[in-house]
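What follows is structure_21.pdb (PDB, C-alpha atoms).
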ATOM      1  CA  MET A  18       0.000   0.000   0.000
ATOM      2  CA  ARG A  19       1.334   3.421  -0.937
ATOM      3  CA  ASP A  20       1.942   5.914   1.877
ATOM      4  CA  THR A  21      -0.450   8.733   0.837
ATOM      5  CA  ARG A  22      -2.125  11.519   2.761
ATOM      6  CA  ARG A  23      -5.478   9.755   2.489
ATOM      7  CA  THR A  24      -4.075   6.561   3.956
ATOM      8  CA  ARG A  25      -2.641   8.396   6.950
ATOM      9  CA  ILE A  26      -5.998  10.112   7.609
ATOM     10  CA  VAL A  27      -7.906   6.785   7.503
ATOM     11  CA  LEU A  28      -5.399   5.158   9.894
ATOM     12  CA  ALA A  29      -5.704   8.072  12.324
ATOM     13  CA  VAL A  30      -9.527   7.847  12.300
ATOM     14  CA  LEU A  31      -9.422   4.065  13.008
ATOM     15  CA  LEU A  32      -7.017   4.495  15.898
ATOM     16  CA  LEU A  33      -9.146   7.273  17.388
ATOM     17  CA  THR A  34     -12.265   5.130  17.072
ATOM     18  CA  ALA A  35     -10.528   2.165  18.785
ATOM     19  CA  PHE A  36      -9.387   4.297  21.720
ATOM     20  CA  THR A  37     -12.886   5.734  22.036
ATOM     21  CA  PHE A  38     -14.476   2.249  22.299
ATOM     22  CA  ILE A  39     -11.863   1.105  24.816
ATOM     23  CA  THR A  40     -12.518   4.159  26.975
ATOM     24  CA  LEU A  41     -16.309   3.742  26.845
ATOM     25  CA  ASP A  42     -16.029   0.020  27.690
ATOM     26  CA  ALA A  43     -13.749   0.654  30.659
ATOM     27  CA  ARG A  44     -16.041   3.357  32.079
ATOM     28  CA  GLY A  45     -19.293   1.590  31.372
ATOM     29  CA  GLY A  46     -18.591  -1.538  33.449
ATOM     30  CA  GLU A  47     -20.752  -4.631  33.002
ATOM     31  CA  GLY A  48     -23.749  -2.705  31.680
ATOM     32  CA  SER A  49     -21.868  -0.761  29.080
ATOM     33  CA  LEU A  50     -23.029  -0.430  25.502
ATOM     34  CA  LEU A  51     -20.117  -2.505  24.247
ATOM     35  CA  ASP A  52     -20.866  -5.257  26.727
ATOM     36  CA  ARG A  53     -24.423  -5.577  25.311
ATOM     37  CA  VAL A  54     -22.963  -5.618  21.790
ATOM     38  CA  ARG A  55     -20.640  -8.506  22.746
ATOM     39  CA  GLU A  56     -23.559 -10.472  24.194
ATOM     40  CA  SER A  57     -25.546 -10.005  21.005
ATOM     41  CA  ALA A  58     -22.595 -11.108  18.891
ATOM     42  CA  SER A  59     -22.110 -14.154  21.112
ATOM     43  CA  SER A  60     -25.745 -15.195  20.689
ATOM     44  CA  VAL A  61     -25.411 -14.886  16.927
ATOM     45  CA  PHE A  62     -21.980 -16.425  16.415
ATOM     46  CA  GLY A  63     -21.992 -18.942  19.325
ATOM     47  CA  PRO A  64     -24.058 -21.623  17.521
ATOM     48  CA  ILE A  65     -21.900 -21.178  14.460
ATOM     49  CA  GLU A  66     -18.758 -21.725  16.539
ATOM     50  CA  ARG A  67     -20.204 -24.856  18.170
ATOM     51  CA  ALA A  68     -21.204 -26.262  14.796
ATOM     52  CA  ALA A  69     -17.752 -25.583  13.419
ATOM     53  CA  ALA A  70     -16.177 -27.244  16.470
ATOM     54  CA  ALA A  71     -18.352 -30.335  15.992
ATOM     55  CA  VAL A  72     -16.929 -30.671  12.493
ATOM     56  CA  VAL A  73     -13.345 -29.602  13.165
ATOM     57  CA  ASN A  74     -12.666 -31.447  16.485
ATOM     58  CA  PRO A  75     -13.094 -35.010  15.107
ATOM     59  CA  VAL A  76     -10.821 -34.118  12.225
ATOM     60  CA  SER A  77      -8.271 -32.691  14.643
ATOM     61  CA  ASP A  78      -8.498 -35.787  16.868
ATOM     62  CA  PHE A  79      -8.024 -38.010  13.810
ATOM     63  CA  ILE A  80      -4.913 -36.067  12.795
ATOM     64  CA  ASP A  81      -3.560 -36.291  16.369
ATOM     65  CA  GLY A  82      -4.220 -40.045  16.315
ATOM     66  CA  ILE A  83      -2.271 -40.433  13.089
ATOM     67  CA  THR A  84       0.705 -38.549  14.521
ATOM     68  CA  SER A  85       0.674 -40.789  17.617
ATOM     69  CA  ILE A  86       0.631 -44.075  15.664
ATOM     70  CA  ASN A  87       4.416 -44.305  15.560
ATOM     71  CA  SER A  88       4.682 -43.717  19.299
ATOM     72  CA  THR A  89       2.038 -46.380  20.034
ATOM     73  CA  SER A  90       3.739 -48.834  17.688
ATOM     74  CA  ASP A  91       7.040 -48.310  19.481
ATOM     75  CA  THR A  92       5.358 -48.982  22.826
ATOM     76  CA  ILE A  93       3.777 -52.197  21.522
ATOM     77  CA  ASP A  94       7.136 -53.368  20.145
ATOM     78  CA  ALA A  95       8.795 -52.690  23.502
ATOM     79  CA  LEU A  96       6.112 -54.615  25.386
ATOM     80  CA  GLU A  97       6.353 -57.558  22.987
ATOM     81  CA  ALA A  98      10.137 -57.635  23.394
ATOM     82  CA  GLU A  99       9.769 -57.593  27.161
ATOM     83  CA  ASN A 100       7.262 -60.452  27.033
ATOM     84  CA  ASP A 101       9.588 -62.459  24.793
ATOM     85  CA  GLU A 102      12.452 -61.975  27.267
ATOM     86  CA  LEU A 103      10.294 -63.037  30.222
ATOM     87  CA  ARG A 104       9.140 -66.094  28.274
ATOM     88  CA  ARG A 105      12.772 -66.975  27.488
ATOM     89  CA  GLN A 106      13.731 -66.632  31.139
ATOM     90  CA  LEU A 107      10.900 -68.925  32.184
ATOM     91  CA  LEU A 108      11.894 -71.547  29.596
ATOM     92  CA  THR A 109      15.617 -71.431  30.433
ATOM     93  CA  ALA A 110      15.249 -71.223  34.213
ATOM     94  CA  PRO A 111      15.376 -75.028  34.711
ATOM     95  CA  LEU A 112      18.425 -75.251  32.423
ATOM     96  CA  ASP A 113      20.175 -72.445  34.295
ATOM     97  CA  GLN A 114      19.456 -74.180  37.590
ATOM     98  CA  ALA A 115      20.854 -77.435  36.218
ATOM     99  CA  ARG A 116      24.056 -75.637  35.204
ATOM    100  CA  LEU A 117      24.344 -74.093  38.650
ATOM    101  CA  ASP A 118      24.008 -77.559  40.164
ATOM    102  CA  GLU A 119      26.689 -78.867  37.794
ATOM    103  CA  LEU A 120      28.993 -76.009  38.762
ATOM    104  CA  ASP A 121      28.423 -76.719  42.467
ATOM    105  CA  ARG A 122      29.352 -80.385  41.996
ATOM    106  CA  LEU A 123      32.375 -79.478  39.892
ATOM    107  CA  LEU A 124      33.644 -77.009  42.488
ATOM    108  CA  ARG A 125      33.113 -79.604  45.208
ATOM    109  CA  VAL A 126      35.258 -82.125  43.305
ATOM    110  CA  SER A 127      37.898 -79.461  42.739
ATOM    111  CA  SER A 128      37.936 -78.548  46.416
ATOM    112  CA  LEU A 129      38.063 -82.116  47.772
ATOM    113  CA  GLY A 130      40.735 -83.172  45.295
ATOM    114  CA  ASP A 131      42.721 -79.934  45.603
ATOM    115  CA  TYR A 132      42.642 -79.599  41.809
ATOM    116  CA  GLU A 133      43.032 -76.208  40.146
ATOM    117  CA  ILE A 134      40.520 -76.248  37.327
ATOM    118  CA  VAL A 135      39.240 -74.117  34.472
ATOM    119  CA  PRO A 136      35.458 -74.531  33.952
ATOM    120  CA  ALA A 137      34.453 -74.910  30.312
ATOM    121  CA  ARG A 138      31.276 -75.476  28.331
ATOM    122  CA  VAL A 139      30.915 -78.195  25.718
ATOM    123  CA  ILE A 140      30.196 -76.475  22.393
ATOM    124  CA  ALA A 141      30.593 -79.323  19.883
ATOM    125  CA  VAL A 142      30.496 -83.125  19.769
ATOM    126  CA  SER A 143      32.179 -85.487  17.322
ATOM    127  CA  ALA A 144      30.582 -88.930  17.091
ATOM    128  CA  GLU A 145      31.613 -92.172  15.440
ATOM    129  CA  ASN A 146      29.358 -95.208  15.010
ATOM    130  CA  GLY A 147      26.725 -93.472  17.103
ATOM    131  CA  TYR A 148      29.042 -92.858  20.061
ATOM    132  CA  ALA A 149      30.589 -89.538  21.029
ATOM    133  CA  ARG A 150      34.366 -89.849  20.907
ATOM    134  CA  THR A 151      35.536 -86.232  21.249
ATOM    135  CA  VAL A 152      34.017 -82.945  22.371
ATOM    136  CA  THR A 153      35.112 -79.343  21.925
ATOM    137  CA  VAL A 154      35.031 -76.919  24.862
ATOM    138  CA  ASP A 155      35.154 -73.125  24.984
ATOM    139  CA  ALA A 156      38.451 -72.836  26.878
ATOM    140  CA  GLY A 157      41.957 -72.916  25.453
ATOM    141  CA  ASN A 158      45.528 -71.727  25.787
ATOM    142  CA  ARG A 159      44.444 -68.297  26.954
ATOM    143  CA  ASP A 160      42.819 -69.997  29.950
ATOM    144  CA  GLY A 161      45.795 -72.218  30.777
ATOM    145  CA  VAL A 162      44.473 -75.291  28.948
ATOM    146  CA  LYS A 163      47.161 -77.468  27.354
ATOM    147  CA  ARG A 164      47.488 -80.833  25.700
ATOM    148  CA  ASP A 165      47.460 -83.873  28.016
ATOM    149  CA  GLN A 166      45.471 -82.430  30.900
ATOM    150  CA  THR A 167      42.755 -84.219  32.873
ATOM    151  CA  VAL A 168      39.126 -83.323  32.154
ATOM    152  CA  LEU A 169      36.383 -84.083  34.670
ATOM    153  CA  ASN A 170      32.949 -82.944  35.770
ATOM    154  CA  GLY A 171      30.983 -83.119  38.997
ATOM    155  CA  ASP A 172      30.479 -86.873  38.576
ATOM    156  CA  GLY A 173      33.959 -88.039  37.632
ATOM    157  CA  LEU A 174      36.486 -88.454  34.854
ATOM    158  CA  VAL A 175      35.458 -87.267  31.369
ATOM    159  CA  GLY A 176      38.666 -87.611  29.346
ATOM    160  CA  ARG A 177      41.869 -85.782  28.504
ATOM    161  CA  VAL A 178      42.869 -82.821  26.328
ATOM    162  CA  ILE A 179      44.334 -83.921  22.999
ATOM    163  CA  ALA A 180      44.518 -80.497  21.306
ATOM    164  CA  ALA A 181      44.253 -76.893  22.446
ATOM    165  CA  GLY A 182      43.958 -73.628  20.556
ATOM    166  CA  PRO A 183      43.737 -70.044  21.802
ATOM    167  CA  GLY A 184      40.065 -70.237  22.797
ATOM    168  CA  THR A 185      38.967 -73.866  22.402
ATOM    169  CA  ALA A 186      40.211 -77.359  23.164
ATOM    170  CA  THR A 187      39.410 -80.901  22.009
ATOM    171  CA  ILE A 188      38.721 -83.571  24.608
ATOM    172  CA  LEU A 189      39.113 -87.302  23.964
ATOM    173  CA  LEU A 190      36.373 -89.051  25.921
ATOM    174  CA  LEU A 191      37.228 -92.033  28.093
ATOM    175  CA  THR A 192      34.965 -94.328  26.040
ATOM    176  CA  ASP A 193      37.145 -93.931  22.941
ATOM    177  CA  PRO A 194      39.127 -97.084  22.040
ATOM    178  CA  GLU A 195      42.287 -94.953  21.969
ATOM    179  CA  PHE A 196      41.711 -93.871  25.555
ATOM    180  CA  GLY A 197      43.585 -95.543  28.407
ATOM    181  CA  VAL A 198      44.327 -94.571  32.005
ATOM    182  CA  GLY A 199      46.162 -96.131  34.918
ATOM    183  CA  SER A 200      43.605 -97.059  37.577
ATOM    184  CA  ARG A 201      43.232 -98.470  41.044
ATOM    185  CA  LEU A 202      40.427 -99.815  43.164
ATOM    186  CA  ALA A 203      39.307 -97.486  45.952
ATOM    187  CA  ALA A 204      40.415 -98.438  49.469
ATOM    188  CA  SER A 205      42.930-100.982  48.116
ATOM    189  CA  SER A 206      46.314-100.979  46.509
ATOM    190  CA  GLU A 207      45.188-103.029  43.529
ATOM    191  CA  THR A 208      46.153-101.243  40.343
ATOM    192  CA  GLY A 209      45.464-101.838  36.704
ATOM    193  CA  PHE A 210      44.747-100.252  33.363
ATOM    194  CA  LEU A 211      41.356 -99.049  32.131
ATOM    195  CA  GLN A 212      40.626 -98.956  28.411
ATOM    196  CA  GLY A 213      37.803 -97.439  26.369
ATOM    197  CA  ASN A 214      36.076 -99.685  23.862
ATOM    198  CA  GLY A 215      33.677 -97.400  22.016
ATOM    199  CA  ARG A 216      30.747 -98.467  24.155
ATOM    200  CA  ASP A 217      29.221 -97.403  27.454
ATOM    201  CA  GLN A 218      31.179-100.007  29.435
ATOM    202  CA  LEU A 219      34.939 -99.666  29.975
ATOM    203  CA  GLY A 220      37.390-102.541  30.222
ATOM    204  CA  LEU A 221      39.498-102.847  33.394
ATOM    205  CA  GLU A 222      42.529-105.128  33.654
ATOM    206  CA  LEU A 223      43.951-105.555  37.161
ATOM    207  CA  TYR A 224      47.585-106.582  37.181
ATOM    208  CA  ASN A 225      47.212-108.925  40.148
ATOM    209  CA  PRO A 226      45.381-112.109  39.068
ATOM    210  CA  GLN A 227      44.508-112.728  42.722
ATOM    211  CA  ALA A 228      43.036-109.234  43.226
ATOM    212  CA  VAL A 229      39.796-109.130  45.177
ATOM    213  CA  VAL A 230      37.160-107.294  43.140
ATOM    214  CA  GLU A 231      33.380-107.319  43.006
ATOM    215  CA  GLU A 232      30.504-105.435  41.488
ATOM    216  CA  GLY A 233      30.045-101.966  42.938
ATOM    217  CA  ASN A 234      33.734-101.358  43.621
ATOM    218  CA  VAL A 235      34.824 -97.831  42.713
ATOM    219  CA  VAL A 236      37.677 -97.267  40.259
ATOM    220  CA  LEU A 237      39.858 -94.156  40.545
ATOM    221  CA  THR A 238      42.643 -92.659  38.454
ATOM    222  CA  LEU A 239      46.066 -93.817  39.581
ATOM    223  CA  GLY A 240      47.774 -90.622  38.453
ATOM    224  CA  SER A 241      50.637 -89.794  36.100
ATOM    225  CA  PRO A 242      54.063 -88.252  36.707
ATOM    226  CA  ASN A 243      53.595 -84.517  37.362
ATOM    227  CA  GLY A 244      49.837 -84.986  37.030
ATOM    228  CA  ARG A 245      49.803 -85.205  33.226
ATOM    229  CA  PRO A 246      47.843 -86.489  31.505
ATOM    230  CA  PHE A 247      46.013 -87.686  34.629
ATOM    231  CA  VAL A 248      45.860 -86.417  38.172
ATOM    232  CA  PRO A 249      45.292 -89.009  40.921
ATOM    233  CA  GLY A 250      42.091 -89.739  42.793
ATOM    234  CA  VAL A 251      39.472 -88.825  40.164
ATOM    235  CA  PRO A 252      36.485 -91.221  40.276
ATOM    236  CA  ILE A 253      36.109 -93.088  36.981
ATOM    237  CA  GLY A 254      33.213 -95.453  37.580
ATOM    238  CA  GLU A 255      32.132 -98.608  39.342
ATOM    239  CA  VAL A 256      32.560-102.251  38.515
ATOM    240  CA  THR A 257      29.442-103.755  36.953
ATOM    241  CA  ASN A 258      30.760-107.162  35.938
ATOM    242  CA  VAL A 259      33.715-109.309  36.956
ATOM    243  CA  ILE A 260      34.942-111.485  34.096
ATOM    244  CA  ALA A 261      36.177-114.955  34.969
ATOM    245  CA  THR A 262      39.728-115.584  33.745
ATOM    246  CA  PRO A 263      40.783-119.054  34.980
ATOM    247  CA  GLY A 264      44.539-119.366  34.929
ATOM    248  CA  GLY A 265      44.900-115.811  33.606
ATOM    249  CA  LEU A 266      47.741-113.482  34.445
ATOM    250  CA  SER A 267      45.360-110.648  35.329
ATOM    251  CA  ARG A 268      41.802-109.990  36.443
ATOM    252  CA  LEU A 269      39.274-108.459  34.080
ATOM    253  CA  ALA A 270      36.159-106.438  34.840
ATOM    254  CA  GLU A 271      33.741-104.072  33.180
ATOM    255  CA  VAL A 272      33.299-100.576  34.546
ATOM    256  CA  GLU A 273      30.419 -98.149  34.029
ATOM    257  CA  PRO A 274      31.637 -94.523  34.079
ATOM    258  CA  PHE A 275      30.109 -92.090  36.552
ATOM    259  CA  ALA A 276      30.075 -89.200  34.056
ATOM    260  CA  GLN A 277      27.099 -89.149  31.688
ATOM    261  CA  LEU A 278      29.027 -88.607  28.476
ATOM    262  CA  THR A 279      25.919 -88.333  26.298
ATOM    263  CA  SER A 280      24.737 -85.178  28.078
ATOM    264  CA  LEU A 281      27.915 -83.263  28.863
ATOM    265  CA  ASP A 282      27.544 -79.533  29.382
ATOM    266  CA  LEU A 283      29.917 -78.136  31.995
ATOM    267  CA  VAL A 284      33.340 -79.695  32.531
ATOM    268  CA  GLY A 285      36.548 -78.745  34.290
ATOM    269  CA  VAL A 286      40.088 -78.927  32.900
ATOM    270  CA  VAL A 287      42.678 -79.569  35.613
ATOM    271  CA  ILE A 288      45.487 -77.106  34.937
ATOM    272  CA  GLU A 289      47.401 -77.789  38.172
ATOM    273  CA  PRO A 290      47.727 -81.176  39.943
ATOM    274  CA  PRO A 291      47.079 -81.487  43.684
ATOM    275  CA  ARG A 292      49.941 -81.017  46.132
ATOM    276  CA  ARG A 293      49.019 -84.338  47.741
ATOM    277  CA  ASN A 294      47.267 -87.435  46.454
ATOM    278  CA  PRO A 295      43.600 -87.151  47.521
ATOM    279  CA  ARG A 296      43.402 -90.950  47.684
ATOM    280  CA  ASP A 297      39.741 -91.894  48.331
ATOM    281  CA  ALA A 298      38.457 -88.416  49.233
ATOM    282  CA  LEU A 299      36.277 -88.275  46.106
ATOM    283  CA  VAL A 300      34.683 -91.715  46.345
ATOM    284  CA  PRO A 301      30.888 -91.278  46.121
ATOM    285  CA  PRO A 302      29.420 -92.154  49.531
ATOM    286  CA  THR A 303      26.561 -94.285  48.132
ATOM    287  CA  THR A 304      28.709 -96.764  46.224
ATOM    288  CA  GLY A 305      30.621 -99.837  47.246
ATOM    289  CA  ALA A 306      34.037 -98.304  47.724
ATOM    290  CA  SER A 307      36.067-101.223  49.008
ATOM    291  CA  PRO A 308      36.374-104.785  47.781
ATOM    292  CA  SER A 309      34.893-107.473  49.931
ATOM    293  CA  PRO A 310      37.614-109.560  51.584
ATOM    294  CA  SER A 311      35.448-112.647  51.261
ATOM    295  CA  THR A 312      35.462-112.465  47.461
ATOM    296  CA  SER A 313      38.038-114.664  45.819
ATOM    297  CA  PRO A 314      39.050-114.921  42.179
ATOM    298  CA  SER A 315      37.616-117.635  40.017
ATOM    299  CA  PRO A 316      39.718-120.787  39.967
TER     300      PRO A 316
END
Re-express the file's structure as structure tokens.
Amino acid sequence: MRDTRRTRIVLAVLLLTAFTFITLDARGGEGSLLDRVRESASSVFGPIERAAAAVVNPVSDFIDGITSINSTSDTIDALEAENDELRRQLLTAPLDQARLDELDRLLRVSSLGDYEIVPARVIAVSAENGYARTVTVDAGNRDGVKRDQTVLNGDGLVGRVIAAGPGTATILLLTDPEFGVGSRLAASSETGFLQGNGRDQLGLELYNPQAVVEEGNVVLTLGSPNGRPFVPGVPIGEVTNVIATPGGLSRLAEVEPFAQLTSLDLVGVVIEPPRRNPRDALVPPTTGASPSPSTSPSP
């Protein structure tokens, strides 16, 4: 708009009129002329405003709802994730408890035998002819694990380390035909050699053909020089069958291992042998630990 003399006059008149109305309204109070004008305008335009609001408010609410969809979706996703985590915890709780129990038994064996161990989880299994022969664990050189170390769990002997890398190691299980360990009967001085045969039962050969042995006797590791590959005193299993060997130069028996090799999870690798031979400290209390003196070898 151009700044002309006429424009300035019109603007001055409008300002004067506005000040006049403001002054009259302030002096007139509630019953002023302008107050009655406002009431009349309200009665005329009020219904129009309400009708407009009835149309506009739902549209506004709809627009607000659209803008909040992303926020609501995020909340739903968060709740679903939380529910999934709670469901996972409920499903894995028994497994976690089982692992805690395994760790307790493993630490008990370590304490009673005075073995320094590295706990490890089984992460892979290699089977042959339907039988597990080796397993891989998630501990290696970085953890102090080396070749030819004893491996056990809370039940007894598992095997020995045959290879170790930086973060993993391979364990030869005691059921493998290539596995052998010097053994002795608990509570006696009878020694022998225990051999894997690819099956659940192990073969035990006692060097003394007159050795007294019977079912239920516990077999322990005899131990190796400097504790490698085997530390002494680790429970291996119990005798389940004594094999008659008339005129033989040794006594033979079958031994069932204490460790459940088909369901291994947590094991311990012995990285330091005990200062003293634990002897029979680890013999399970519910088994027949000592040979019966009344048992004699077959003629």
**OP:** Can you turn the PyMOL selection byres ((chain A and resi 179) around 9) into a concrete residue list for this file, as a count of residues only?
**Re:** 12
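Separating atom CA of A:Gly250 from atom CA of A:Leu211 is a distance of 14.2 Å.
Our summary of the geometry notes that atom CA of A:Thr151 is positioned 27.8 Å from atom CA of A:Asn294.
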**OP:** Check which residues satisfy the PyMOL selection byres ((chain A and resi 268) around 12) in the file shown, then give them as number ranges by chain.
**Re:** A: 207-211, 220-231, 258-267, 269-271, 313-316
**OP:** Go through the shown structure with the PyMOL selection byres ((chain A and resi 167-170) around 6) and write out the matching residues as a PyMOL selection string.
**Re:** chain A and resi 123+166+171-177+246-247+284-287
Original post:
Neighbours of A:Gly254 within 12 Å (all atoms listed in the file; same-chain residues fewer than 3 positions away dropped), as a count of residues only?
Top reply: 40
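Between atom CA of A:Ile288 and atom CA of A:Ala141 the interatomic distance comes to 21.3 Å.
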Original post:
Between A:Leu281, A:Leu117, A:Ile134, A:Ile140, which one has atoms that come closest to A:Leu190, using all atoms listed in the file?
Top reply: A:Leu281
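Of the listed residues (A:Asp121, A:Asp113, A:Asp91, A:Asp131), A:Asp131 comes nearest to A:Pro290; the distances count all atoms listed in the file.
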Per-axis box centre and lengths in Å around stretch 110-127 of chain A, 3 Å margin per side, axis-aligned, as JSON:
{"center_x": 26.6, "center_y": -76.7, "center_z": 38.8, "size_x": 28.6, "size_y": 16.9, "size_z": 18.8}
Subject >> Proximity to A:Asp160 - best of A:Asp282, A:Val139, A:Ala144, A:Thr185, all atoms listed in the file >> reply: A:Thr185
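With all atoms listed in the file as the atoms that count, the minimum distance from A:Asp297 to the choices A:Ser205, A:Gln212, A:Gln114, A:Asn243 is reached by A:Ser205.
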